[in-house]
$ cat upload05.cif   # mmCIF, C-alpha atoms and all ligand atoms
data_protein
#
loop_
_atom_site.label_atom_id
_atom_site.label_comp_id
_atom_site.auth_asym_id
_atom_site.auth_seq_id
_atom_site.Cartn_x
_atom_site.Cartn_y
_atom_site.Cartn_z
CA MET F 21 18.71 -59.80 -23.17
CA LYS F 22 15.67 -62.05 -23.37
CA GLU F 23 16.40 -63.54 -19.96
CA LYS F 24 16.81 -60.08 -18.52
CA ILE F 25 13.44 -59.03 -19.93
CA ASP F 26 11.84 -62.14 -18.52
CA GLU F 27 13.38 -61.54 -15.12
CA ILE F 28 12.07 -57.97 -15.00
CA LYS F 29 8.67 -59.12 -16.16
CA GLN F 30 8.51 -61.47 -13.16
CA LYS F 31 9.51 -58.67 -10.84
CA ILE F 32 6.83 -56.36 -12.21
CA VAL F 33 4.17 -59.02 -11.84
CA ALA F 34 5.31 -59.83 -8.31
CA SER F 35 5.71 -56.27 -7.08
CA THR F 36 3.25 -55.15 -4.46
CA ILE F 37 2.31 -51.48 -4.41
CA GLN F 38 0.74 -50.47 -1.11
CA ASN F 39 0.45 -46.72 -1.25
CA GLY F 40 1.01 -43.58 -3.27
CA GLU F 41 4.65 -43.38 -2.36
CA GLU F 42 5.35 -46.90 -3.53
CA LEU F 43 3.37 -46.23 -6.67
CA GLU F 44 5.60 -43.27 -7.46
CA SER F 45 8.80 -45.29 -6.84
CA PHE F 46 7.42 -47.99 -9.13
CA ARG F 47 6.83 -45.43 -11.86
CA ILE F 48 10.29 -43.96 -11.50
CA LYS F 49 11.97 -47.38 -11.38
CA TYR F 50 10.31 -48.92 -14.43
CA LEU F 51 8.69 -46.15 -16.46
CA GLY F 52 10.77 -43.08 -15.63
CA SER F 53 13.03 -41.35 -18.15
CA LYS F 54 16.03 -42.94 -16.42
CA GLY F 55 14.15 -46.14 -15.58
CA ILE F 56 14.98 -49.79 -16.29
CA ILE F 57 12.82 -50.12 -19.39
CA LYS F 58 14.21 -47.00 -21.01
CA ASP F 59 17.65 -48.38 -20.28
CA LEU F 60 16.83 -51.68 -21.96
CA PHE F 61 15.52 -49.82 -25.01
CA SER F 62 18.83 -48.02 -25.37
CA GLY F 63 20.62 -51.41 -25.19
CA LEU F 64 18.62 -52.49 -28.27
CA LYS F 65 21.25 -51.20 -30.65
CA GLU F 66 23.73 -53.81 -29.37
CA VAL F 67 21.35 -56.69 -30.12
CA ALA F 68 22.14 -58.70 -33.25
CA ASN F 69 20.16 -57.50 -36.26
CA GLU F 70 18.16 -60.69 -36.76
CA GLN F 71 16.96 -60.57 -33.13
CA LYS F 72 16.17 -56.87 -32.99
CA ARG F 73 12.57 -57.25 -34.08
CA GLU F 74 11.77 -59.95 -31.56
CA VAL F 75 13.55 -58.21 -28.66
CA GLY F 76 11.90 -54.93 -29.59
CA GLN F 77 8.48 -56.56 -29.37
CA LEU F 78 9.33 -58.10 -26.01
CA LEU F 79 10.41 -54.71 -24.72
CA ASN F 80 7.20 -53.06 -25.92
CA GLY F 81 5.25 -55.76 -24.14
CA LEU F 82 7.24 -55.15 -20.98
CA ARG F 83 6.53 -51.45 -21.09
CA THR F 84 2.81 -52.06 -21.60
CA LEU F 85 2.80 -54.46 -18.69
CA ALA F 86 4.45 -51.93 -16.38
CA GLN F 87 2.14 -49.15 -17.53
CA GLU F 88 -0.96 -51.31 -17.00
CA LYS F 89 0.18 -52.37 -13.57
CA PHE F 90 0.79 -48.72 -12.68
CA ASP F 91 -2.60 -47.53 -14.02
CA SER F 92 -4.63 -50.25 -12.36
CA ARG F 93 -2.92 -49.90 -8.96
CA LYS F 94 -3.36 -46.16 -9.11
CA GLU F 95 -7.06 -46.51 -9.71
CA GLU F 96 -7.40 -49.11 -6.95
CA LEU F 97 -5.49 -47.01 -4.45
CA VAL F 98 -7.68 -43.97 -5.06
CA SER F 99 -10.88 -45.95 -4.63
CA GLU F 100 -9.48 -47.84 -1.61
CA ASP F 101 -8.73 -44.62 0.30
CA GLY F 102 -11.46 -42.61 -1.30
CA GLU F 103 -10.95 -38.86 -1.24
CA ALA F 104 -8.97 -39.13 1.97
CA SER F 105 -5.82 -40.19 0.16
CA LYS F 106 -5.76 -36.85 -1.67
CA LEU F 107 -6.35 -34.78 1.41
CA ASP F 108 -3.23 -34.25 3.49
CA VAL F 109 -4.34 -32.30 6.53
CA SER F 110 -0.77 -31.81 7.71
CA ARG F 111 0.27 -29.96 4.56
CA PRO F 112 1.00 -26.26 5.19
CA GLY F 113 -1.55 -23.99 3.54
CA ASP F 114 -0.82 -21.84 0.51
CA PRO F 115 0.01 -18.27 1.55
CA ILE F 116 -2.82 -15.80 0.91
CA GLU F 117 -1.81 -12.41 -0.47
CA ILE F 118 -3.30 -9.75 1.79
CA GLY F 119 -4.22 -6.61 -0.09
CA ALA F 120 -3.20 -3.16 1.07
CA ARG F 121 -5.22 0.02 1.01
CA HIS F 122 -4.28 2.60 -1.58
CA PRO F 123 -2.15 5.42 -0.07
CA LEU F 124 -4.67 8.00 -1.28
CA SER F 125 -7.51 6.11 0.46
CA LEU F 126 -5.44 6.02 3.64
CA VAL F 127 -4.80 9.76 3.54
CA ARG F 128 -8.41 10.53 2.58
CA SER F 129 -9.69 8.47 5.54
CA GLU F 130 -7.25 10.15 7.87
CA ILE F 131 -8.33 13.64 6.74
CA ILE F 132 -12.00 12.69 7.20
CA GLU F 133 -11.25 11.27 10.63
CA ILE F 134 -9.36 14.39 11.77
CA PHE F 135 -12.16 16.75 10.71
CA SER F 136 -14.95 14.51 11.99
CA ARG F 137 -13.48 14.90 15.47
CA ILE F 138 -14.33 18.60 15.35
CA GLY F 139 -17.80 18.11 13.96
CA PHE F 140 -17.33 18.12 10.18
CA SER F 141 -19.60 15.84 8.15
CA VAL F 142 -18.74 14.41 4.73
CA SER F 143 -20.60 15.50 1.60
CA GLU F 144 -20.08 14.51 -1.98
CA GLY F 145 -21.07 15.83 -5.37
CA PRO F 146 -20.97 14.73 -9.03
CA GLU F 147 -17.74 14.57 -11.04
CA ILE F 148 -19.55 15.83 -14.13
CA GLU F 149 -20.60 19.37 -13.28
CA ASP F 150 -22.42 22.25 -14.87
CA ASP F 151 -20.88 25.68 -15.28
CA TRP F 152 -22.93 27.10 -12.42
CA HIS F 153 -21.60 24.81 -9.69
CA ASN F 154 -18.02 24.63 -10.93
CA PHE F 155 -17.57 28.31 -11.86
CA SER F 156 -20.41 30.86 -11.87
CA ALA F 157 -21.74 30.28 -8.35
CA LEU F 158 -18.14 30.51 -7.13
CA ASN F 159 -17.81 34.02 -8.48
CA PHE F 160 -15.63 33.19 -11.50
CA PRO F 161 -16.15 35.99 -14.04
CA PRO F 162 -17.27 34.73 -17.48
CA GLU F 163 -13.87 35.36 -19.04
CA HIS F 164 -11.82 33.79 -16.21
CA PRO F 165 -8.88 31.79 -17.62
CA ALA F 166 -9.71 28.71 -15.51
CA ARG F 167 -12.77 28.14 -17.68
CA ASP F 168 -10.52 27.93 -20.70
CA MET F 169 -10.15 24.75 -22.71
CA GLN F 170 -6.55 24.65 -21.42
CA ASP F 171 -7.70 23.66 -17.95
CA THR F 172 -11.16 22.23 -18.23
CA PHE F 173 -12.31 19.03 -19.88
CA PHE F 174 -15.61 20.10 -21.41
CA ILE F 175 -18.19 17.44 -22.12
CA GLU F 176 -20.82 19.70 -23.64
CA LYS F 177 -20.35 23.25 -24.80
CA GLY F 178 -23.03 25.81 -25.56
CA GLU F 179 -26.35 26.45 -23.80
CA LYS F 180 -25.92 23.97 -20.99
CA GLU F 181 -22.21 23.60 -20.50
CA MET F 182 -21.08 20.39 -18.78
CA ALA F 183 -17.51 19.62 -17.75
CA LEU F 184 -15.47 17.35 -15.50
CA ARG F 185 -15.19 19.33 -12.28
CA THR F 186 -11.87 21.12 -11.92
CA HIS F 187 -12.08 21.29 -8.13
CA THR F 188 -14.23 20.08 -5.25
CA SER F 189 -15.30 23.66 -4.45
CA SER F 190 -18.34 22.80 -6.62
CA VAL F 191 -19.62 20.65 -3.74
CA GLN F 192 -19.59 23.75 -1.47
CA VAL F 193 -22.23 25.29 -3.71
CA ARG F 194 -24.38 22.16 -3.71
CA VAL F 195 -24.24 21.94 0.09
CA MET F 196 -25.11 25.64 0.52
CA GLU F 197 -28.05 25.25 -1.88
CA ASN F 198 -29.44 22.29 0.03
CA GLU F 199 -28.67 22.96 3.67
CA LYS F 200 -29.27 25.78 6.11
CA PRO F 201 -26.41 27.08 8.28
CA PRO F 202 -24.74 26.11 10.52
CA ILE F 203 -22.83 24.07 7.94
CA ARG F 204 -19.66 22.20 8.76
CA THR F 205 -18.62 19.78 6.07
CA ILE F 206 -15.72 18.41 4.08
CA SER F 207 -15.99 17.09 0.52
CA PRO F 208 -13.41 14.63 -0.70
CA GLY F 209 -13.33 13.68 -4.35
CA ARG F 210 -11.60 13.36 -7.69
CA VAL F 211 -11.04 16.38 -9.92
CA TYR F 212 -9.85 16.76 -13.50
CA ARG F 213 -7.68 19.24 -15.37
CA ASN F 214 -6.38 19.32 -18.87
CA GLU F 215 -2.70 19.00 -17.96
CA ALA F 216 0.13 17.02 -19.52
CA ILE F 217 0.99 14.07 -17.28
CA SER F 218 4.37 14.30 -15.55
CA ALA F 219 5.90 13.61 -12.14
CA ARG F 220 4.41 16.90 -10.84
CA ALA F 221 1.09 17.18 -12.69
CA HIS F 222 -1.71 14.85 -13.69
CA CYS F 223 -4.97 15.14 -15.59
CA PHE F 224 -6.84 13.85 -12.55
CA PHE F 225 -6.12 14.08 -8.86
CA HIS F 226 -7.96 14.30 -5.54
CA GLN F 227 -8.98 17.16 -3.29
CA VAL F 228 -10.71 17.65 0.01
CA GLU F 229 -12.80 20.77 0.29
CA GLY F 230 -13.80 22.21 3.65
CA LEU F 231 -16.68 24.58 4.40
CA TYR F 232 -17.83 26.13 7.66
CA ILE F 233 -20.72 28.61 7.76
CA ASP F 234 -22.31 29.99 10.89
CA LYS F 235 -22.87 33.27 12.71
CA ASP F 236 -19.64 35.11 13.57
CA VAL F 237 -17.19 32.76 11.91
CA SER F 238 -13.87 34.59 11.72
CA PHE F 239 -10.50 34.33 10.05
CA ALA F 240 -9.07 33.30 13.44
CA ASP F 241 -11.40 30.26 13.42
CA LEU F 242 -10.06 29.34 10.00
CA LYS F 243 -6.46 29.66 11.09
CA GLN F 244 -6.97 27.64 14.26
CA THR F 245 -8.84 24.90 12.41
CA LEU F 246 -6.02 24.55 9.91
CA LEU F 247 -3.37 24.54 12.65
CA TYR F 248 -5.29 21.78 14.39
CA PHE F 249 -5.38 19.83 11.12
CA ALA F 250 -1.63 20.28 10.48
CA LYS F 251 -0.72 19.04 13.95
CA GLU F 252 -3.05 16.04 13.77
CA MET F 253 -1.80 15.10 10.34
CA PHE F 254 1.92 15.81 10.62
CA GLY F 255 2.61 15.82 14.35
CA GLU F 256 2.60 18.18 17.30
CA LYS F 257 5.65 20.10 16.04
CA ALA F 258 3.96 21.15 12.78
CA GLN F 259 3.55 24.88 12.23
CA ILE F 260 1.59 26.76 9.60
CA ARG F 261 1.93 30.13 7.93
CA LEU F 262 -0.58 31.97 5.78
CA ARG F 263 0.32 34.00 2.71
CA PRO F 264 -2.17 36.39 1.09
CA SER F 265 -3.53 35.04 -2.17
CA TYR F 266 -6.48 35.29 -4.51
CA PHE F 267 -9.40 32.96 -5.24
CA PRO F 268 -12.62 34.27 -6.81
CA PHE F 269 -14.77 32.57 -4.16
CA THR F 270 -13.01 33.79 -0.99
CA GLU F 271 -12.18 37.22 0.34
CA PRO F 272 -9.68 37.55 1.90
CA SER F 273 -7.87 34.50 0.53
CA ALA F 274 -4.68 32.82 1.64
CA GLU F 275 -2.33 30.02 0.76
CA VAL F 276 -1.19 27.88 3.64
CA ASP F 277 2.29 26.43 4.09
CA ILE F 278 3.33 23.92 6.73
CA SER F 279 6.77 23.69 8.25
CA CYS F 280 8.77 21.18 6.19
CA THR F 281 8.17 17.72 7.64
CA ILE F 282 11.10 16.28 5.75
CA CYS F 283 13.96 18.45 7.09
CA ASN F 284 12.18 19.88 10.17
CA SER F 285 12.37 23.32 8.55
CA LYS F 286 16.15 23.22 8.26
CA GLY F 287 15.97 23.46 4.48
CA CYS F 288 16.06 20.66 1.93
CA ASN F 289 15.40 20.18 -1.77
CA VAL F 290 11.72 19.29 -1.18
CA CYS F 291 10.99 22.65 0.51
CA LYS F 292 13.51 24.32 -1.82
CA TYR F 293 15.51 25.42 1.22
CA THR F 294 12.68 27.65 2.50
CA GLY F 295 11.64 25.39 5.40
CA TRP F 296 7.99 25.65 4.24
CA LEU F 297 5.72 23.57 2.02
CA GLU F 298 2.51 24.74 0.41
CA ILE F 299 -0.42 22.48 1.25
CA LEU F 300 -3.71 24.26 0.66
CA GLY F 301 -5.74 27.30 -0.35
CA CYS F 302 -8.33 28.91 1.88
CA GLY F 303 -10.23 32.07 2.76
CA MET F 304 -13.45 33.62 4.03
CA VAL F 305 -16.36 32.71 1.76
CA ASP F 306 -17.04 35.71 -0.49
CA PRO F 307 -20.45 37.33 0.31
CA ASN F 308 -21.33 37.00 -3.39
CA VAL F 309 -20.99 33.24 -3.10
CA LEU F 310 -23.18 33.12 0.02
CA GLU F 311 -25.86 35.28 -1.59
CA GLY F 312 -25.72 33.23 -4.81
CA SER F 313 -26.76 30.21 -2.76
CA ASN F 314 -29.44 32.15 -0.84
CA ILE F 315 -27.52 32.52 2.41
CA ASP F 316 -27.84 35.94 4.02
CA SER F 317 -24.29 37.31 4.10
CA LYS F 318 -25.25 39.89 6.76
CA GLU F 319 -26.29 37.18 9.16
CA TYR F 320 -23.76 34.50 8.28
CA SER F 321 -20.09 34.28 7.46
CA GLY F 322 -17.87 31.29 6.78
CA PHE F 323 -14.54 29.95 5.74
CA ALA F 324 -13.52 27.46 3.10
CA PHE F 325 -10.37 25.59 2.24
CA GLY F 326 -9.23 23.10 -0.36
CA MET F 327 -6.29 20.72 -0.27
CA GLY F 328 -4.77 18.17 -2.62
CA VAL F 329 -4.78 14.62 -1.28
CA GLU F 330 -1.77 13.60 -3.41
CA ARG F 331 0.16 16.52 -1.95
CA ILE F 332 -0.52 15.40 1.62
CA ALA F 333 0.33 11.80 0.70
CA GLN F 334 3.54 12.98 -0.94
CA LEU F 335 4.62 14.65 2.29
CA LYS F 336 3.49 11.79 4.48
CA TYR F 337 5.01 8.98 2.43
CA ARG F 338 7.71 10.92 0.55
CA VAL F 339 6.48 9.89 -2.85
CA ASN F 340 7.75 12.36 -5.40
CA ASP F 341 6.14 11.13 -8.59
CA LEU F 342 2.39 11.74 -8.96
CA ARG F 343 2.09 9.08 -11.66
CA LEU F 344 2.78 6.30 -9.14
CA TYR F 345 -0.65 6.85 -7.57
CA SER F 346 -2.54 5.75 -10.67
CA GLU F 347 -0.20 3.25 -12.32
CA ASN F 348 -1.31 0.39 -10.05
CA ASP F 349 2.15 -1.10 -9.75
CA VAL F 350 1.73 -3.71 -7.01
CA ARG F 351 5.33 -3.20 -5.85
CA PHE F 352 4.38 0.38 -4.98
CA LEU F 353 0.92 -0.34 -3.61
CA LYS F 354 1.82 -3.19 -1.27
CA GLN F 355 4.06 -0.93 0.80
CA PHE F 356 1.08 0.83 2.38
CA LYS F 357 -0.27 -1.61 4.93
CA GLY F 358 -2.58 -0.89 7.78
CA GLY F 359 -4.15 2.45 8.55
CA ILE F 360 -7.82 3.26 8.95
N1 LIG F 401 -10.51 25.27 -5.38
C1 LIG F 401 -9.14 25.65 -5.21
C2 LIG F 401 -8.26 24.92 -6.20
O1 LIG F 401 -8.67 23.94 -6.74
C3 LIG F 401 -8.67 25.35 -3.81
C4 LIG F 401 -9.34 26.24 -2.82
C5 LIG F 401 -8.78 27.45 -2.48
C6 LIG F 401 -10.51 25.82 -2.23
C7 LIG F 401 -9.38 28.28 -1.56
C8 LIG F 401 -11.13 26.68 -1.30
C9 LIG F 401 -10.53 27.91 -0.97
O2 LIG F 401 -12.26 26.34 -0.69
O3 LIG F 401 -11.13 28.66 -0.09
O4 LIG F 401 -7.16 25.33 -6.44
#
$ encode --input "upload05.cif" --output "structure tokens"
Amino acid sequence: MKEKIDEIKQKIVASTIQNGEELESFRIKYLGSKGIIKDLFSGLKEVANEQKREVGQLLNGLRTLAQEKFDSRKEELVSEDGEASKLDVSRPGDPIEIGARHPLSLVRSEIIEIFSRIGFSVSEGPEIEDDWHNFSALNFPPEHPARDMQDTFFIEKGEKEMALRTHTSSVQVRVMENEKPPIRTISPGRVYRNEAISARAHCFFHQVEGLYIDKDVSFADLKQTLLYFAKEMFGEKAQIRLRPSYFPFTEPSAEVDISCTICNSKGCNVCKYTGWLEILGCGMVDPNVLEGSNIDSKEYSGFAFGMGVERIAQLKYRVNDLRLYSENDVRFLKQFKGGI
């Protein structure tokens, strides 16, 4: 055993270590968990008892020698090559994760782009609104159920009521107050409603409001504008149909369906076998609303519409659960690459 130790000692002293690779082989050979020295230590139990102490000391010395040789060569090698030894220019780079735009941002940008081509500007308003802009100026009677605590998140009740806006129609009012017709604008933004969160409803979501006011604006203009939008968004084959409806701020009002993009109007469970999907509300701006914002309703008329961005995204990307849009699960988000 002693001769063996001596022999290895000579080898360690004599070994030349020229580079990092050789340094690593040295470490594995002598100091590694399956290395020579470890092996000798496990042979210690076969050594006669009276020699154990001496051999143990020799082995410790051997290990220290190997460790010192390793440490000093390592230091020398680094200073010999300087930083260059650490920099391997041929090594492939680490992959960089490229982010993806949120599907709602993609759809929002696409809606803005489609309407900007026919002269609509973008206007925005605050998410915390007063009663006037969210309700009163839009012709909601004081006792209208939409003002109820059920739907609206109130921030301040009483004299000056403040709430999270329940729709982007509030921006219509702000634009009409600040600009003179002709007005052609869309208002994208987040809205809030006091709803239980499920696959089909959420306490916040996104809308795009549209407003067009000028002389002689007619219902036919509204219909044609929405048909143009449907075709740009969902393809040349898209059709729309209007159903009479009611909104306090438009008269007449309509709800708009598009031909089902999923089954090509043949009938499927998304369109509930009707071939049609509801996508937005619209109508001719009620004269009361125009007058409330100091626009002469005898001189001017206009149309308005409001659509849900999640709804459009759902149809475009076939995402059926609204919660996915705000859960920030990267596995969901990274599927939406590209776009504008
Ligand atoms: N504000 C309505 C809502 O949130 C949507 C809407 C309907 C907007 C008709 C309009 C409109 O501008 O004319 O349900």
$ closest_atom_pairs --input "upload05.cif" --of "chain F" --to "ligand LIG 401 (chain F)" --cutoff "7 Å" --atoms "all atoms listed in the file" --output "JSON lines"
{"residue": "F:Thr186", "atom": "CA", "partner": "F:LIG401", "partner_atom": "O1", "distance": 6.7}
{"residue": "F:His187", "atom": "CA", "partner": "F:LIG401", "partner_atom": "O1", "distance": 4.5}
{"residue": "F:Thr188", "atom": "CA", "partner": "F:LIG401", "partner_atom": "N1", "distance": 6.4}
{"residue": "F:Ser189", "atom": "CA", "partner": "F:LIG401", "partner_atom": "N1", "distance": 5.1}
{"residue": "F:Glu229", "atom": "CA", "partner": "F:LIG401", "partner_atom": "O2", "distance": 5.7}
{"residue": "F:Gly230", "atom": "CA", "partner": "F:LIG401", "partner_atom": "O2", "distance": 6.2}
{"residue": "F:Leu231", "atom": "CA", "partner": "F:LIG401", "partner_atom": "O2", "distance": 7.0}
{"residue": "F:Phe267", "atom": "CA", "partner": "F:LIG401", "partner_atom": "C7", "distance": 6.0}
{"residue": "F:Phe269", "atom": "CA", "partner": "F:LIG401", "partner_atom": "O3", "distance": 6.7}
{"residue": "F:Thr270", "atom": "CA", "partner": "F:LIG401", "partner_atom": "O3", "distance": 5.5}
{"residue": "F:Ser273", "atom": "CA", "partner": "F:LIG401", "partner_atom": "O3", "distance": 6.7}
{"residue": "F:Leu300", "atom": "CA", "partner": "F:LIG401", "partner_atom": "C5", "distance": 6.8}
{"residue": "F:Gly301", "atom": "CA", "partner": "F:LIG401", "partner_atom": "C5", "distance": 3.7}
{"residue": "F:Cys302", "atom": "CA", "partner": "F:LIG401", "partner_atom": "O3", "distance": 3.4}
{"residue": "F:Gly303", "atom": "CA", "partner": "F:LIG401", "partner_atom": "O3", "distance": 4.5}
{"residue": "F:Met304", "atom": "CA", "partner": "F:LIG401", "partner_atom": "O3", "distance": 6.9}
{"residue": "F:Val305", "atom": "CA", "partner": "F:LIG401", "partner_atom": "O3", "distance": 6.9}
{"residue": "F:Phe323", "atom": "CA", "partner": "F:LIG401", "partner_atom": "O3", "distance": 6.9}
{"residue": "F:Ala324", "atom": "CA", "partner": "F:LIG401", "partner_atom": "O2", "distance": 4.1}
{"residue": "F:Phe325", "atom": "CA", "partner": "F:LIG401", "partner_atom": "O2", "distance": 3.6}
{"residue": "F:Gly326", "atom": "CA", "partner": "F:LIG401", "partner_atom": "C6", "distance": 3.5}
{"residue": "F:Met327", "atom": "CA", "partner": "F:LIG401", "partner_atom": "C3", "distance": 6.3}
$ residues_around --input "upload05.cif" --residues "stretch 144-161 of chain F" --least-positions-apart "2" --cutoff "10 Å" --atoms "all atoms listed in the file" --output "count of residues only"
49
$ residues_around --input "upload05.cif" --residues "F:Asp26" --least-positions-apart "2" --cutoff "12 Å" --atoms "all atoms listed in the file" --output "PyMOL selection string"
chain F and resi 21-24+28-33+75+78-79+81-82+85
$ atom_distance --input "upload05.cif" --atom1 "atom CA of F:Lys54" --atom2 "atom CA of F:Leu107"
29.8 Å
$ axis_aligned_box --input "upload05.cif" --around "stretch 294-300 of chain F" --padding-each-side "8 Å" --output "JSON"
{"center_x": 4.5, "center_y": 25.1, "center_z": 2.9, "size_x": 32.4, "size_y": 21.2, "size_z": 21.0}
$ residues_around --input "upload05.cif" --residues "F:Gly76" --least-positions-apart "3" --cutoff "12 Å" --atoms "all atoms listed in the file" --output "list in words"
Met21, Lys22, Ile25, Ile57, Lys58, Leu60, Phe61, Ser62, Gly63, Leu64, Lys65, Glu66, Val67, Ala68, Asn69, Glu70, Gln71, Lys72, Arg73, Leu79, Asn80, Gly81, Leu82 and Arg83 of chain F
$ residues_around --input "upload05.cif" --residues "F:Val290" --least-positions-apart "5" --cutoff "10 Å" --atoms "only C-alpha atoms" --output "number ranges by chain"
F: 280-283, 295-297, 335, 338, 340
$ closest_residue --input "upload05.cif" --among "F:Ile278, F:Val339, F:Met253, F:Ile116" --to "F:Phe135" --atoms "only C-alpha atoms"
F:Met253
$ closest_residue --input "upload05.cif" --among "F:Asp236, F:Glu275, F:Ile118, F:Gly322" --to "F:Ile203" --atoms "all atoms listed in the file"
F:Gly322
$ residues_around --input "upload05.cif" --residues "F:Val329" --least-positions-apart "3" --cutoff "8 Å" --atoms "all atoms listed in the file" --output "PyMOL selection string"
chain F and resi 124+127-128+225-228+332-333
$ atom_distance --input "upload05.cif" --atom1 "atom CA of F:Ser321" --atom2 "atom CA of F:Tyr248"
20.6 Å
$ atom_distance --input "upload05.cif" --atom1 "atom CA of F:Ile260" --atom2 "atom CA of F:Gly287"
15.6 Å
$ decode --input "upload05.cif" --residues "stretch 177-191 of chain F" --atoms "N, CA, C and O atoms" --output "compact mmCIF listing (two decimals), in the first residue's frame"
# COMPACT_ATOMS: atom_id res chain seq x y z
N LYS F 177 -70.67 56.45 -4.09
CA LYS F 177 -72.10 56.65 -4.28
C LYS F 177 -72.46 58.04 -3.76
O LYS F 177 -71.66 58.68 -3.10
N GLY F 178 -73.67 58.48 -4.08
CA GLY F 178 -74.13 59.75 -3.51
C GLY F 178 -74.08 60.87 -4.51
O GLY F 178 -74.32 60.65 -5.71
N GLU F 179 -73.76 62.08 -4.03
CA GLU F 179 -73.76 63.29 -4.85
C GLU F 179 -73.07 63.09 -6.19
O GLU F 179 -73.67 63.18 -7.24
N LYS F 180 -71.74 62.80 -6.09
CA LYS F 180 -70.99 62.62 -7.32
C LYS F 180 -70.64 61.14 -7.43
O LYS F 180 -69.69 60.65 -6.83
N GLU F 181 -71.51 60.43 -8.20
CA GLU F 181 -71.33 59.00 -8.28
C GLU F 181 -70.20 58.64 -9.24
O GLU F 181 -70.18 59.13 -10.37
N MET F 182 -69.27 57.80 -8.80
CA MET F 182 -68.19 57.35 -9.68
C MET F 182 -68.23 55.83 -9.74
O MET F 182 -68.49 55.16 -8.74
N ALA F 183 -67.97 55.30 -10.93
CA ALA F 183 -68.03 53.83 -11.10
C ALA F 183 -67.01 53.41 -12.15
O ALA F 183 -66.51 54.24 -12.91
N LEU F 184 -66.69 52.12 -12.17
CA LEU F 184 -65.89 51.59 -13.28
C LEU F 184 -66.83 51.53 -14.48
O LEU F 184 -67.96 51.03 -14.35
N ARG F 185 -66.39 52.05 -15.61
CA ARG F 185 -67.32 52.12 -16.75
C ARG F 185 -67.81 50.72 -17.12
O ARG F 185 -67.05 49.76 -17.08
N THR F 186 -69.08 50.66 -17.47
CA THR F 186 -69.68 49.36 -17.82
C THR F 186 -69.64 49.12 -19.32
O THR F 186 -69.92 48.03 -19.79
N HIS F 187 -69.32 50.16 -20.07
CA HIS F 187 -69.18 50.02 -21.53
C HIS F 187 -68.36 51.19 -22.07
O HIS F 187 -68.16 52.20 -21.38
N THR F 188 -67.88 51.05 -23.30
CA THR F 188 -67.08 52.13 -23.88
C THR F 188 -67.96 53.19 -24.55
O THR F 188 -67.44 54.16 -25.12
N SER F 189 -69.29 53.03 -24.45
CA SER F 189 -70.17 54.07 -25.00
C SER F 189 -69.93 55.41 -24.28
O SER F 189 -70.22 56.48 -24.83
N SER F 190 -69.38 55.35 -23.06
CA SER F 190 -69.07 56.58 -22.33
C SER F 190 -68.10 57.46 -23.13
O SER F 190 -68.16 58.70 -23.03
N VAL F 191 -67.23 56.85 -23.91
CA VAL F 191 -66.25 57.64 -24.67
C VAL F 191 -66.94 58.43 -25.79
O VAL F 191 -66.54 59.54 -26.12
